[in-house]
Each structure stands twice: as C-alpha cells, then as structure tokens.
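J.: To start, I am sharing the structure in question, which I have written as structure tokens.
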Amino acid sequence: MADKKMVEEITSMDEDFAQWYTDIVRKAELIEYTSVKGCMAIKPDGYAIWENIQAELDKRFKATGVRNVYMPMFIPESLLEKEKDHVEGFAPEVAWVTHGGLEPLAERMCVRPTSETLFCDFYKNDVHSYRDLPKVYNQWCSVVRWEKETRPFLRSREFLWQEGHTAHATAEEAEERTVQMLNVYADFLEDFLAIPVIKGQKTEKEKFAGAEATYTVEALMHDGKALQSGTSHNFGNGFAKAFDIQFADKDNTLKHVYQTSWGVTTRLIGAIIMVHGDNEGLVLPPKVAPIQLCIIPIQQKKEGVLDKAYELRDLLKDTVRVKVDDTDKTPGWKFSEAEMRGYPIRLEIGPKDIEAGKCVIVRRDTREKIEVTLDEVAAKVPEILETMQKEMLERARAHREAHTYVAHDYDEFKKIFNEKSGFVKAMWCGCRECEDQIKADLSVTSRCIPFEQEKVSDVCVCCGKPAQKMVYWGRAY
RNA sequence: CGGCGCGUGGCUCAGCUUGGUAGAGCGCCACGUUCGGGACGUGGAGGUCGCAAGUUCAAAUCUUGUCGCGCCGACCA
C-alpha cells in the first residue's frame with residue numbers, strides 16, 4: 001500500500017528523477033512556464049512557500065540587527081566594472097538595457113545580477129566615520145542572470161532572493177558577521193525546512209567573484225546530488241578599495257571598510273522538493289507549509305458533515321494553518337490532491353466518524369493513519385505536526401549519512417562516483433589542478449571544506465601529495 | 001553554447017512515412033445519481049495543428065529558417 005503509486009501523472013523518482021522533479025513542480029501547482037524563456041510564473045501555492053521562508057528568515061535576520069533597504073535594479077556599466085574579479089565573474093551572464101524609450105542611453109546598464117556594486121556605491125557616500133559603522137543591510141528583490149539552461153527554482157533567468165550587504169570597521173567584525181549569517185542559514189534550513197546541511201568554506205575555484213572567502217551550506221538531495229543552499233561571503237576590503245569606501249577611525253586615520261554579503265534564493269523551494277518529496281508528490285515540512293492541515297469531509301452532502309468540518313476548522317484555525325476541501329470532488333480525489341500538494345496532515349471526517357465522535361488523521365510523510373477522538377483533535381494536531389517536522393529532519397539526515405562515503409585514494413574515489421551518488425569525503429592538497437582533474441574525470445566538484453574537519457588520509461586523493469584539508473565532493477545542481 | 005528529444009483544444013497524445021483544410025482520452029460547463037483512496041450517466045462548449053517563408057491546384061503532413069520546452073554536458077544561486 002505504502003509503495004503503491006497512486007498518482008500516475010507523477011513520474012516515479014527512481015525511474016527519472018529530473019522528470020519527477022518537473023512533474024511535482026507542475027502538478028503541485030508551484031509554477032507555470034511563461035512566454036519569457038527561463039522565467040517562471042510562481043503560482044499562489046509556490047509563492048506562499050516563499051512568503052513563509054521570507055517571513056521566518058526576515059525575523060531571524062532582524063534578531064541579529066539587520067535592516068531592510070532597497071537598491072536600484074539597474075547597474076551602469078562603469079559601476080559594474082570597478083571590481084575586476086567581480087565583473088569577470090558576472091559579465092557573461094548579465095542582461096543589458098541600452099535604450100530609454102526610443103533614445104539610446106549614453107551608458108548602457110545591466111539588470112542587477114547581484115548588488116555588491118550598488119551597495120558599494122551607496123556606502124561610499126553613506127559611511128564617513130567609525131560612528132556610521134557597522135552597516136547591516138539586506139534587500140529582498142529579484143535578480144537576473146542570463147542562464148543558458150534553466151530549471152524551475154533551481155536555475156531561472158530571474159529569481160527571487162535576499163542579499164545582505166554589510167560594512168564593518170574591522171576585518172574581525174566582518175569575519176564574525178560572515179560566519180554568523182552562515183549559521184543563521186544553517187539553523188533556518190534545519191529547524192524550519194528540515195534540511196540538514198554541511199557548513200564549510202568554498203575553495204578558491206568555487207568561491208564568489210570578488211570575495212576573499214565564501215562560506216556555504218551544502219545539502220544533499222534525494223538523488224544524491226548536492227545543492228548549494230546558501231552562501232555567505234567575506235570580501236575583506238577589496239571592494240572598499242575598488243570603490244573607495246573609507247571612514248575616519250577612532251585613531252583619526254582614514255581606513256577602508258570591510259564587507260560581507262550573504263544570500264539565499266527561491267532555490268530553497270527546489271531543495272524542499274528534492275529532499276522531502278516522494279512519488280505521491282510534494283511533502284512540505286509543517287513549519288514552512290502554507291496549509292498545514294487539510295480537512296476532507298466524506299459524504300459531505302449528508303446532513304451535518306460539512307458543518308462538522310467547518311467546526312473543526314474554526315476550532316483549529318488559531319493554532320494551525322487549516323483549510324477544508326469542500327469542493328465536490330470525491331474523497332479519493334481529494335486524498336491524492338492533498339498528497340500531491342504536500343499538505344503535512346489531512347483530517348478525514350464523515351458520518352461514521354461523527355457518530356463515533358472521532359476522525360482520522362493521516363500524516364503526509366509516513367501516510368500513517370491515526371484515529372483521534374474529536375475531543376483530542378485540538379491537542380493532537382499540533383503534536384503530530386511537531387513530531388513530523390522532527391522526523392523529517394531525522395530522515396533527511398539519515399539519508400545524507402547513508403549517502404556519504406569516504407575515499408582514501410583516487411581509485412576508490414572514482415569507483416564510488418562511478419557506482420554511487422552522494423557526498424564523498426576525501427583529502428585534498430589545496431591545488432586548483434586537482435579540482436580541475438576531478439571535474440574533468442568525473443563531473444565532480446568540491447562542495448566545501450567543512451568546518452568540522454576529519455583526517456581520513458595523509459595525502460591528496462587526486463595527486464597523492466601531502467593533504468591540507470578534508471573536502472566534501474559531489475555532483476551538484 | 002554543444003548533443004539528443006519534443007511542439008496538434010486546458011492536459012496527455014494519435015494523425016505526418018504515402019499532402020485532400022483535425023481526432024481520442026482526460027479536464028471544463030449543465031443536470032441527475034454518487035461520496036472512507038483519483039465515481040457514473042446524459043447533454044454541451046472548446047483547436048485550424050509554435051511561428052515565418054517556400055513547394056503545390058491543395059500543407060498539421062514536404063523543404064528551409066526561426067522561436068519555445070525538456071533532458072544530458074560546459075557555466076552558474
């Protein structure tokens with residue numbers, strides 16, 4: 001029963017994971033394709049997930065002193081070009097605005113692919129004294145990157161995100177903020193999205209264009225591929241020098257500020273789908289689910305059934321996000337629909353239940369049916385949601401552990417990636433050549449140098465020279 | 001950007017080889033019977049075949065181009 005695939009419209013994930021993902025995104029009505037290539041229409045059920053992510057993250061940001069601002073969506077070419085690494089990193093994928101109405105612009109402008117340059121331009125005039133620091137700003141917006149291959153949520157030409165940009169008086173303070181925000185992301189992903197992450201640092205090859213150091217939270221999807229789920233960058237004072245952002249310090253000397261930036265995107269919705277989803281559809285962790293409980297009346301035209309359903313809704317509406325599916329579909333249809341859309345729990349209530357003073361609650365993740373008396377419902381529902389949230393995280397963590405391997409030499413490393421899919425922990429000498437070699441041989445990249453280091457060998461898994469760090473390797477989205 | 005595949009009512013697709021101006025199932029609308037894992041009956045609406053040229057008496061069907069979508073690869077959140 002549990003393994004039976006009831007929703008034929010969804011391709012089985014074992015058969016074709018990519019198609020399964022696309023099916024979920026469409027059938028759960030998260031997005032619709034549009035006439036604009038690479039840009040998706042985010043539908044109400046998809047956007048509601050983003051709104052919950054936004055609300056929770058925004059709360060957590062503000063608890064650390066972040067304030068929200070808004071910058072222009074256009075960047076003059078001359079501004080984008082100020083920091084060399086940065087422009088080289090982004091130039092290949094920006095969209096250009098060349099005309100204002102019918103008149104050609106004196107200088108073309110790109111649509112922001114990210115807003116470091118705009119924040120720098122702003123801070124340049126806004127920061128004069130150590131008393132003006134730190135600046136801890138964030139903006140919620142969309143950015144545009146002209147991607148060649150696009151996928152809903154995972155890679156679109158326009159995507160929604162938040163980008164935090166901070167300026168500090170000292171390098172230490174910038175580093176502290178960089179790590180702090182990475183921790184905010186890690187905690188958020190685990191607590192709220194039930195997605196366990198590996199925290200670590202990106203290698204030189206993988207770090208952000210213009211950054212001194214990039215920290216990342218890496219998650220493992222159900223198919224064993226890695227997803228970079230949030231990044232936090234320490235810029236040192238490189239951007240400040242390029243943009244001439246100086247302040248008079250306490251010692252009465254002019255100094256450049258130290259900066260950070262950090263962001264997460266609607267890609268997180270893709271992560272939720274690929275970590276928790278199953279062959280029946282989406283499975284949303286209770287905390288992020290726009291609808292947490294769907295009440296499905298059985299024989300709803302019978303006297304009193306709908307009334308009881310509404311009564312239960314009213315009883316629960318202050319503690320959980322609840323709706324009654326009172327459409328005239330059959331119950332079987334509604335069950336499948338509720339599963340497709342990933343509602344954490346559903347409550348079945350029919351004439352027999354009402355007579356017996358009970359109802360049936362079904363968990364989306366385990367599809368376990370729980371009989372609950374109507375007196376207990378109000379207490380039981382939040383309890384079940386809490387348990388489910390916790391178990392989803394545990395299950396995702398167990399899946400990640402089961403798909404994390406250790407390689408001591410290159411033969412072993414290649415064997416694992418040729419036969420399996422997941423994270424591989426292996427030592428690395430620190431040189432770019434080995435990363436390039438591994439990429440060329442296996443399409444595998446370094447995901448991060450984890451903060452929690454283990455020594456699994458003395459030598460680099462690729463070249464055999466003395467190793468410096470243990471690295472998580474994987475195939476990534 | 002390279003490779004492969006696909007564009008025909010809202011969706012999934014048949015028709016194309018062998019040109020003769022559209023079909024099915026599902027969905028949708030109405031009414032009735034149903035309702036504990038995607039119910040059923042009857043009636044109804046809805047497309048000119050992605051777009052553009054070309055060949056032809058005649059193009060969904062042949063040719064060329066173009067746009068879009070999906071997957072794989074390179075690049076990237």
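Starting from 1 in every chain, residues are counted up; chains themselves are A, B, ... following the order of the structure tokens, and ligands are numbered from 1 as listed.
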Compile the residues of chain A that lie within 9 Å of chain B, evaluated using only C-alpha atoms (C1' of nucleotides), and express the compilation as a ChimeraX atom specification.
T.: /A:6-7,18-19,33,35,37,93,145,147-148,154-155,159,161,228-231,263-267,298-301,329-337,348-350,352
J.: How would the residues just picked look written out with C-alpha atoms as a tab-separated table (two decimals), in the first residue's frame?
T.:
```
chain	number	residue	atom	x	y	z
A	6	MET	CA	-1.45	6.20	-6.98
A	7	VAL	CA	-0.82	9.31	-8.93
A	18	ALA	CA	14.61	15.01	-13.29
A	19	GLN	CA	11.20	14.28	-14.76
A	33	TYR	CA	6.04	28.28	-17.58
A	35	SER	CA	6.33	33.25	-22.65
A	37	LYS	CA	12.27	31.89	-21.68
A	93	GLU	CA	25.53	36.38	-17.75
A	145	ARG	CA	21.31	36.13	-14.73
A	147	GLU	CA	21.43	31.37	-17.79
A	148	LYS	CA	21.73	29.10	-20.77
A	154	LEU	CA	16.97	25.62	-9.39
A	155	ARG	CA	18.11	27.87	-12.19
A	159	PHE	CA	14.95	34.61	-9.42
A	161	TRP	CA	16.29	36.19	-3.23
A	228	GLN	CA	24.45	24.83	-2.63
A	229	SER	CA	21.69	26.20	-0.46
A	230	GLY	CA	23.04	29.43	0.93
A	231	THR	CA	26.28	31.38	0.84
A	263	GLY	CA	22.06	35.30	0.29
A	264	VAL	CA	19.52	32.59	-0.21
A	265	THR	CA	17.12	32.24	-3.10
A	266	THR	CA	13.91	30.61	-4.27
A	267	ARG	CA	16.22	27.69	-4.97
A	298	ILE	CA	-16.61	12.34	3.49
A	299	GLN	CA	-20.13	12.26	2.11
A	300	GLN	CA	-20.16	15.97	2.55
A	301	LYS	CA	-23.72	16.33	1.31
A	329	LYS	CA	-14.66	16.06	-5.94
A	330	THR	CA	-14.76	12.57	-4.49
A	331	PRO	CA	-12.81	11.86	-1.30
A	332	GLY	CA	-10.33	9.70	-3.18
A	333	TRP	CA	-9.55	12.58	-5.45
A	334	LYS	CA	-9.08	14.90	-2.51
A	335	PHE	CA	-6.72	12.48	-0.78
A	336	SER	CA	-4.49	12.33	-3.83
A	337	GLU	CA	-4.72	16.05	-4.33
A	348	GLU	CA	-10.92	12.80	7.29
A	349	ILE	CA	-14.34	13.35	8.80
A	350	GLY	CA	-17.51	11.52	7.72
A	352	LYS	CA	-19.45	7.32	10.69
```
J.: Applying 12 Å and only C-alpha atoms (C1' of nucleotides), which residues near Val406 of chain A remain after dropping the ones on its own chain fewer than 6 positions away? List them as a list in words.
T.: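 Surrounding residues, per the criterion: Glu412, Phe413, Lys414, Lys415, Ile416, Phe417, Gly422, Phe423, Val424, Lys425, Ala426, Met427, Glu454, Lys455, Val456, Ser457, Val461, Met470, Val471, Tyr472, Trp473 and Gly474 of chain A.
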J.: Since we have the selection now, will you write its residues out, keeping N, CA and C atoms, as a short mmCIF file (atom, residue, chain, number, x, y, z; two decimals), in the first residue's frame?
T.:
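Now in part-v6.cif:
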```cif
data_model
loop_
_atom_site.label_atom_id
_atom_site.label_comp_id
_atom_site.auth_asym_id
_atom_site.auth_seq_id
_atom_site.Cartn_x
_atom_site.Cartn_y
_atom_site.Cartn_z
N GLU A 412 39.55 4.46 -5.42
CA GLU A 412 38.37 4.32 -4.57
C GLU A 412 37.39 5.47 -4.85
N PHE A 413 37.95 6.66 -4.98
CA PHE A 413 37.17 7.86 -5.26
C PHE A 413 36.37 7.70 -6.56
N LYS A 414 37.06 7.26 -7.60
CA LYS A 414 36.40 7.08 -8.91
C LYS A 414 35.35 5.98 -8.86
N LYS A 415 35.71 4.92 -8.15
CA LYS A 415 34.78 3.79 -8.04
C LYS A 415 33.46 4.24 -7.39
N ILE A 416 33.60 5.01 -6.32
CA ILE A 416 32.39 5.48 -5.63
C ILE A 416 31.53 6.34 -6.57
N PHE A 417 32.16 7.30 -7.24
CA PHE A 417 31.37 8.19 -8.08
C PHE A 417 30.85 7.51 -9.35
N GLY A 422 26.30 10.73 -4.12
CA GLY A 422 26.26 11.29 -2.78
C GLY A 422 27.48 12.15 -2.51
N PHE A 423 27.71 12.41 -1.23
CA PHE A 423 28.90 13.15 -0.83
C PHE A 423 30.05 12.16 -0.64
N VAL A 424 31.24 12.57 -1.04
CA VAL A 424 32.41 11.78 -0.71
C VAL A 424 33.37 12.66 0.06
N LYS A 425 33.79 12.16 1.21
CA LYS A 425 34.77 12.88 2.00
C LYS A 425 36.15 12.37 1.60
N ALA A 426 37.02 13.30 1.20
CA ALA A 426 38.36 12.89 0.79
C ALA A 426 39.33 14.04 1.01
N MET A 427 40.59 13.70 1.18
CA MET A 427 41.61 14.72 1.44
C MET A 427 42.00 15.41 0.14
N GLU A 454 37.92 16.19 9.45
CA GLU A 454 38.36 14.87 9.88
C GLU A 454 39.55 14.55 9.01
N LYS A 455 40.47 13.77 9.54
CA LYS A 455 41.62 13.39 8.74
C LYS A 455 41.42 11.96 8.27
N VAL A 456 41.04 11.79 7.01
CA VAL A 456 40.76 10.44 6.53
C VAL A 456 41.98 9.83 5.84
N SER A 457 43.01 10.64 5.62
CA SER A 457 44.24 10.15 4.98
C SER A 457 45.29 11.25 5.10
N VAL A 461 43.66 13.00 -2.40
CA VAL A 461 43.01 11.87 -3.05
C VAL A 461 43.32 11.82 -4.54
N MET A 470 40.32 18.20 4.49
CA MET A 470 39.32 17.23 4.06
C MET A 470 38.21 18.02 3.37
N VAL A 471 37.79 17.50 2.23
CA VAL A 471 36.79 18.20 1.41
C VAL A 471 35.60 17.28 1.14
N TYR A 472 34.41 17.88 1.12
CA TYR A 472 33.23 17.16 0.64
C TYR A 472 33.15 17.36 -0.87
N TRP A 473 33.08 16.23 -1.58
CA TRP A 473 32.98 16.28 -3.04
C TRP A 473 31.61 15.77 -3.46
N GLY A 474 31.13 16.24 -4.61
CA GLY A 474 29.85 15.73 -5.08
C GLY A 474 29.50 16.27 -6.46
#
```
J.: Name the residues of segment 41-148 of chain A that fall into strand (DSSP E) according to DSSP on the backbone, using the chain letters and numbers of this document, as number ranges by chain.
T.: A: 41-42, 67-68, 74-76, 95-100, 103-111, 135-144
J.: Tell me which protein, DNA and RNA residues are within 9 Å of Phe239 of chain A, counting only C-alpha atoms (C1' of nucleotides), leaving out same-chain ones fewer than 4 positions away, and put them as a PyMOL selection string.
T.: chain A and resi 82-83+116-117+120+210-211+235+243-245+257-259
J.: How would the residues just picked look written out with N, CA and C atoms as a compact mmCIF listing (two decimals), in the first residue's frame?
T.:
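Listed below is the output, selection.txt:
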```txt
# COMPACT_ATOMS: atom_id res chain seq x y z
N LYS A 82 34.02 48.18 -11.79
CA LYS A 82 35.02 48.68 -10.84
C LYS A 82 35.84 47.61 -10.13
N GLU A 83 35.22 46.48 -9.86
CA GLU A 83 35.98 45.43 -9.18
C GLU A 83 36.26 44.34 -10.22
N GLU A 116 26.33 43.93 -5.13
CA GLU A 116 27.52 44.41 -4.43
C GLU A 116 27.90 45.83 -4.87
N THR A 117 27.93 46.01 -6.18
CA THR A 117 28.41 47.29 -6.70
C THR A 117 27.49 48.44 -6.30
N CYS A 120 28.06 49.17 -2.67
CA CYS A 120 29.34 49.86 -2.51
C CYS A 120 29.20 51.33 -2.88
N GLY A 210 35.08 38.00 -6.51
CA GLY A 210 35.38 39.21 -5.78
C GLY A 210 35.53 38.99 -4.28
N ALA A 211 35.20 37.79 -3.83
CA ALA A 211 35.25 37.51 -2.39
C ALA A 211 36.65 37.08 -1.95
N PHE A 235 34.33 39.79 2.08
CA PHE A 235 35.02 40.50 0.99
C PHE A 235 36.33 41.13 1.43
N PHE A 243 36.07 50.66 -4.69
CA PHE A 243 35.02 51.69 -4.70
C PHE A 243 35.34 52.88 -3.80
N ASP A 244 36.50 52.80 -3.16
CA ASP A 244 36.95 53.91 -2.33
C ASP A 244 35.98 54.22 -1.19
N ILE A 245 35.65 53.16 -0.44
CA ILE A 245 34.77 53.36 0.71
C ILE A 245 35.64 53.50 1.96
N VAL A 257 36.59 50.19 4.64
CA VAL A 257 35.70 49.30 5.39
C VAL A 257 35.92 47.84 4.97
N TYR A 258 35.45 46.93 5.79
CA TYR A 258 35.47 45.50 5.49
C TYR A 258 34.02 45.08 5.26
N GLN A 259 33.81 44.29 4.23
CA GLN A 259 32.43 44.00 3.83
C GLN A 259 32.08 42.51 3.76
```
J.: Calculate how many Å separate atom CA of Phe61 of chain A from atom CA of Ala213 of chain A, rounding to one decimal.
T.: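 One can read the atom CA of Phe61 of chain A to atom CA of Ala213 of chain A distance as 21.0 Å.
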J.: Taking the backbone alone, and naming residues the way the document does, which bits of segment 185-261 of chain A are helix (DSSP H, G or I) by DSSP, as a PyMOL selection string?
T.: chain A and resi 185-191+238-243
J.: Got time to write the residues from that selection, N, CA and C atoms, as a tab-separated table (two decimals), in the first residue's frame?
T.:
```
chain	number	residue	atom	x	y	z
A	185	TYR	N	21.59	30.74	8.36
A	185	TYR	CA	21.09	29.90	7.26
A	185	TYR	C	21.02	28.43	7.67
A	186	ALA	N	22.09	27.97	8.28
A	186	ALA	CA	22.16	26.55	8.65
A	186	ALA	C	21.04	26.20	9.62
A	187	ASP	N	20.86	27.06	10.63
A	187	ASP	CA	19.81	26.81	11.62
A	187	ASP	C	18.43	26.87	10.97
A	188	PHE	N	18.26	27.86	10.10
A	188	PHE	CA	16.98	28.00	9.42
A	188	PHE	C	16.66	26.77	8.58
A	189	LEU	N	17.64	26.31	7.82
A	189	LEU	CA	17.39	25.15	6.96
A	189	LEU	C	17.04	23.92	7.79
A	190	GLU	N	17.74	23.73	8.89
A	190	GLU	CA	17.48	22.55	9.70
A	190	GLU	C	16.18	22.67	10.50
A	191	ASP	N	16.00	23.80	11.16
A	191	ASP	CA	14.81	23.96	12.02
A	191	ASP	C	13.53	24.10	11.21
A	238	GLY	N	38.57	44.46	-0.25
A	238	GLY	CA	38.80	44.53	-1.70
A	238	GLY	C	37.81	45.43	-2.42
A	239	PHE	N	36.54	45.25	-2.14
A	239	PHE	CA	35.54	46.10	-2.79
A	239	PHE	C	35.69	47.54	-2.31
A	240	ALA	N	35.98	47.69	-1.01
A	240	ALA	CA	36.12	49.04	-0.45
A	240	ALA	C	37.24	49.79	-1.16
A	241	LYS	N	38.32	49.08	-1.48
A	241	LYS	CA	39.42	49.74	-2.18
A	241	LYS	C	39.02	50.09	-3.61
A	242	ALA	N	38.32	49.16	-4.26
A	242	ALA	CA	37.91	49.41	-5.64
A	242	ALA	C	36.90	50.54	-5.72
A	243	PHE	N	36.07	50.66	-4.69
A	243	PHE	CA	35.02	51.69	-4.70
A	243	PHE	C	35.34	52.88	-3.80
```
J.: Would you mind listing what lies within 10 Å of Glu9 of chain A as a PyMOL selection string, with only C-alpha atoms (C1' of nucleotides) counted and same-chain residues fewer than 6 positions away left out?
T.: (chain A and resi 20+23-24+27+279-281) or (chain B and resi 12)
J.: Report, in Å to a single decimal, how far apart atom CA of Pro196 of chain A and atom CA of Ile291 of chain A are.
T.: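 Between these atoms lies a distance of 22.8 Å.
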J.: Figure out the distance between atom CA of Trp146 of chain A and atom CA of Thr34 of chain A, please, to one decimal in Å.
T.: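 For atom CA of Thr34 of chain A relative to atom CA of Trp146 of chain A, the distance reads 15.9 Å.
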J.: Excluding same-chain residues fewer than 3 positions from segment 55-66 of chain B, what lies within 7 Å of it counting only C-alpha atoms (C1' of nucleotides), as a PDB file with N, CA and C atoms (P, O5', C5', C4', C3', O3' and C1' of nucleotides), in the first residue's frame?
T.:
```pdb
ATOM      1  P     U B   8       1.647  20.836 -28.937  1.00  0.00           P
ATOM      2  O5'   U B   8       0.854  20.645 -30.298  1.00  0.00           O
ATOM      3  C5'   U B   8       0.384  21.758 -31.029  1.00  0.00           C
ATOM      4  C4'   U B   8      -0.827  21.366 -31.821  1.00  0.00           C
ATOM      5  C3'   U B   8      -2.004  20.853 -30.995  1.00  0.00           C
ATOM      6  O3'   U B   8      -2.768  21.925 -30.465  1.00  0.00           O
ATOM      7  C1'   U B   8      -1.628  19.388 -32.785  1.00  0.00           C
ATOM      8  P     C B  16       0.000   8.965 -40.514  1.00  0.00           P
ATOM      9  O5'   C B  16       0.710  10.301 -40.988  1.00  0.00           O
ATOM     10  C5'   C B  16       0.258  11.021 -42.130  1.00  0.00           C
ATOM     11  C4'   C B  16       1.181  12.192 -42.357  1.00  0.00           C
ATOM     12  C3'   C B  16       2.612  11.803 -42.714  1.00  0.00           C
ATOM     13  O3'   C B  16       3.026  12.511 -43.871  1.00  0.00           O
ATOM     14  C1'   C B  16       2.583  13.177 -40.755  1.00  0.00           C
ATOM     15  P     G B  19       1.960  12.036 -50.232  1.00  0.00           P
ATOM     16  O5'   G B  19       1.393  12.992 -49.086  1.00  0.00           O
ATOM     17  C5'   G B  19       0.031  12.845 -48.735  1.00  0.00           C
ATOM     18  C4'   G B  19      -0.383  14.055 -47.959  1.00  0.00           C
ATOM     19  C3'   G B  19      -1.818  14.396 -48.299  1.00  0.00           C
ATOM     20  O3'   G B  19      -2.464  14.821 -47.136  1.00  0.00           O
ATOM     21  C1'   G B  19      -0.361  16.180 -48.936  1.00  0.00           C
ATOM     22  P     G B  20      -3.868  14.153 -46.748  1.00  0.00           P
ATOM     23  O5'   G B  20      -4.897  15.070 -47.550  1.00  0.00           O
ATOM     24  C5'   G B  20      -5.035  16.450 -47.218  1.00  0.00           C
ATOM     25  C4'   G B  20      -6.280  17.031 -47.880  1.00  0.00           C
ATOM     26  C3'   G B  20      -7.550  16.186 -47.714  1.00  0.00           C
ATOM     27  O3'   G B  20      -8.624  17.107 -47.719  1.00  0.00           O
ATOM     28  C1'   G B  20      -7.078  16.422 -49.988  1.00  0.00           C
ATOM     29  P     C B  49      -2.654  26.229 -37.825  1.00  0.00           P
ATOM     30  O5'   C B  49      -1.827  25.190 -36.947  1.00  0.00           O
ATOM     31  C5'   C B  49      -1.865  25.249 -35.513  1.00  0.00           C
ATOM     32  C4'   C B  49      -1.491  23.895 -34.964  1.00  0.00           C
ATOM     33  C3'   C B  49      -0.220  23.325 -35.588  1.00  0.00           C
ATOM     34  O3'   C B  49       0.631  22.844 -34.551  1.00  0.00           O
ATOM     35  C1'   C B  49      -2.056  21.818 -35.873  1.00  0.00           C
TER      36        C B  49
END
```
J.: Find the residues near Gly430 of chain A: any atom within 10 Å, counting only C-alpha atoms (C1' of nucleotides), skip ones fewer than 3 places away on the same chain, and give them as a JSON list (two decimals) with C-alpha atoms, in the first residue's frame.
T.:
```
[["chain", "number", "residue", "atom", "x", "y", "z"],
["A", 203, "THR", "CA", 37.70, 26.51, -2.40],
["A", 204, "GLU", "CA", 39.36, 29.30, -4.41],
["A", 427, "MET", "CA", 41.61, 14.72, 1.44],
["A", 433, "GLU", "CA", 44.83, 21.38, -10.74],
["A", 434, "CYS", "CA", 43.42, 18.52, -8.70],
["A", 435, "GLU", "CA", 39.97, 20.09, -8.65],
["A", 460, "CYS", "CA", 45.54, 14.26, -1.55],
["A", 465, "LYS", "CA", 50.89, 14.90, -2.40],
["A", 466, "PRO", "CA", 50.56, 15.85, 1.26],
["A", 467, "ALA", "CA", 46.99, 16.80, 2.05],
["A", 468, "GLN", "CA", 45.88, 20.03, 3.64],
["A", 469, "LYS", "CA", 42.16, 19.67, 4.13],
["A", 470, "MET", "CA", 39.32, 17.23, 4.06],
["A", 471, "VAL", "CA", 36.79, 18.20, 1.41]]
```
J.: If we count only C-alpha atoms (C1' of nucleotides), what is near U42 of chain B at a cut-off of 12 Å, once residues fewer than 2 positions away on the same chain are taken out, given as a VMD selection string?
T.: chain B and resid 30 to 33 40 44
J.: Write a file of the just-selected residues containing N, CA and C atoms (P, O5', C5', C4', C3', O3' and C1' of nucleotides), as a PDB file, in the first residue's frame.
T.:
```pdb
ATOM      1  P     A B  30     -21.639  24.480 -14.036  1.00  0.00           P
ATOM      2  O5'   A B  30     -22.888  23.878 -14.823  1.00  0.00           O
ATOM      3  C5'   A B  30     -23.831  24.753 -15.439  1.00  0.00           C
ATOM      4  C4'   A B  30     -24.946  23.947 -16.038  1.00  0.00           C
ATOM      5  C3'   A B  30     -25.560  22.910 -15.104  1.00  0.00           C
ATOM      6  O3'   A B  30     -26.525  23.491 -14.246  1.00  0.00           O
ATOM      7  C1'   A B  30     -25.133  21.918 -17.200  1.00  0.00           C
ATOM      8  P     C B  31     -26.702  22.922 -12.752  1.00  0.00           P
ATOM      9  O5'   C B  31     -27.543  21.587 -13.001  1.00  0.00           O
ATOM     10  C5'   C B  31     -28.867  21.663 -13.500  1.00  0.00           C
ATOM     11  C4'   C B  31     -29.336  20.288 -13.899  1.00  0.00           C
ATOM     12  C3'   C B  31     -29.205  19.211 -12.835  1.00  0.00           C
ATOM     13  O3'   C B  31     -30.237  19.263 -11.869  1.00  0.00           O
ATOM     14  C1'   C B  31     -28.424  18.365 -14.887  1.00  0.00           C
ATOM     15  P     G B  32     -29.931  18.815 -10.348  1.00  0.00           P
ATOM     16  O5'   G B  32     -29.898  17.223 -10.452  1.00  0.00           O
ATOM     17  C5'   G B  32     -31.094  16.515 -10.738  1.00  0.00           C
ATOM     18  C4'   G B  32     -30.780  15.090 -11.093  1.00  0.00           C
ATOM     19  C3'   G B  32     -30.073  14.272 -10.022  1.00  0.00           C
ATOM     20  O3'   G B  32     -30.956  13.807  -9.018  1.00  0.00           O
ATOM     21  C1'   G B  32     -29.057  13.875 -12.111  1.00  0.00           C
ATOM     22  P     U B  33     -30.415  13.529  -7.543  1.00  0.00           P
ATOM     23  O5'   U B  33     -29.601  12.167  -7.702  1.00  0.00           O
ATOM     24  C5'   U B  33     -30.298  10.949  -7.934  1.00  0.00           C
ATOM     25  C4'   U B  33     -29.326   9.871  -8.314  1.00  0.00           C
ATOM     26  C3'   U B  33     -28.313   9.481  -7.238  1.00  0.00           C
ATOM     27  O3'   U B  33     -28.855   8.594  -6.270  1.00  0.00           O
ATOM     28  C1'   U B  33     -27.200   9.733  -9.298  1.00  0.00           C
ATOM     29  P     C B  40     -15.680   6.301 -13.686  1.00  0.00           P
ATOM     30  O5'   C B  40     -17.240   6.463 -13.963  1.00  0.00           O
ATOM     31  C5'   C B  40     -18.050   5.306 -14.003  1.00  0.00           C
ATOM     32  C4'   C B  40     -19.500   5.690 -14.015  1.00  0.00           C
ATOM     33  C3'   C B  40     -19.997   6.504 -15.208  1.00  0.00           C
ATOM     34  O3'   C B  40     -20.117   5.711 -16.374  1.00  0.00           O
ATOM     35  C1'   C B  40     -21.018   7.263 -13.223  1.00  0.00           C
ATOM     36  P     G B  44     -25.192  17.196 -27.583  1.00  0.00           P
ATOM     37  O5'   G B  44     -24.457  18.432 -26.876  1.00  0.00           O
ATOM     38  C5'   G B  44     -25.103  19.704 -26.806  1.00  0.00           C
ATOM     39  C4'   G B  44     -24.267  20.674 -26.016  1.00  0.00           C
ATOM     40  C3'   G B  44     -22.929  21.074 -26.622  1.00  0.00           C
ATOM     41  O3'   G B  44     -23.089  22.045 -27.643  1.00  0.00           O
ATOM     42  C1'   G B  44     -22.677  20.715 -24.300  1.00  0.00           C
TER      43        G B  44
END
```
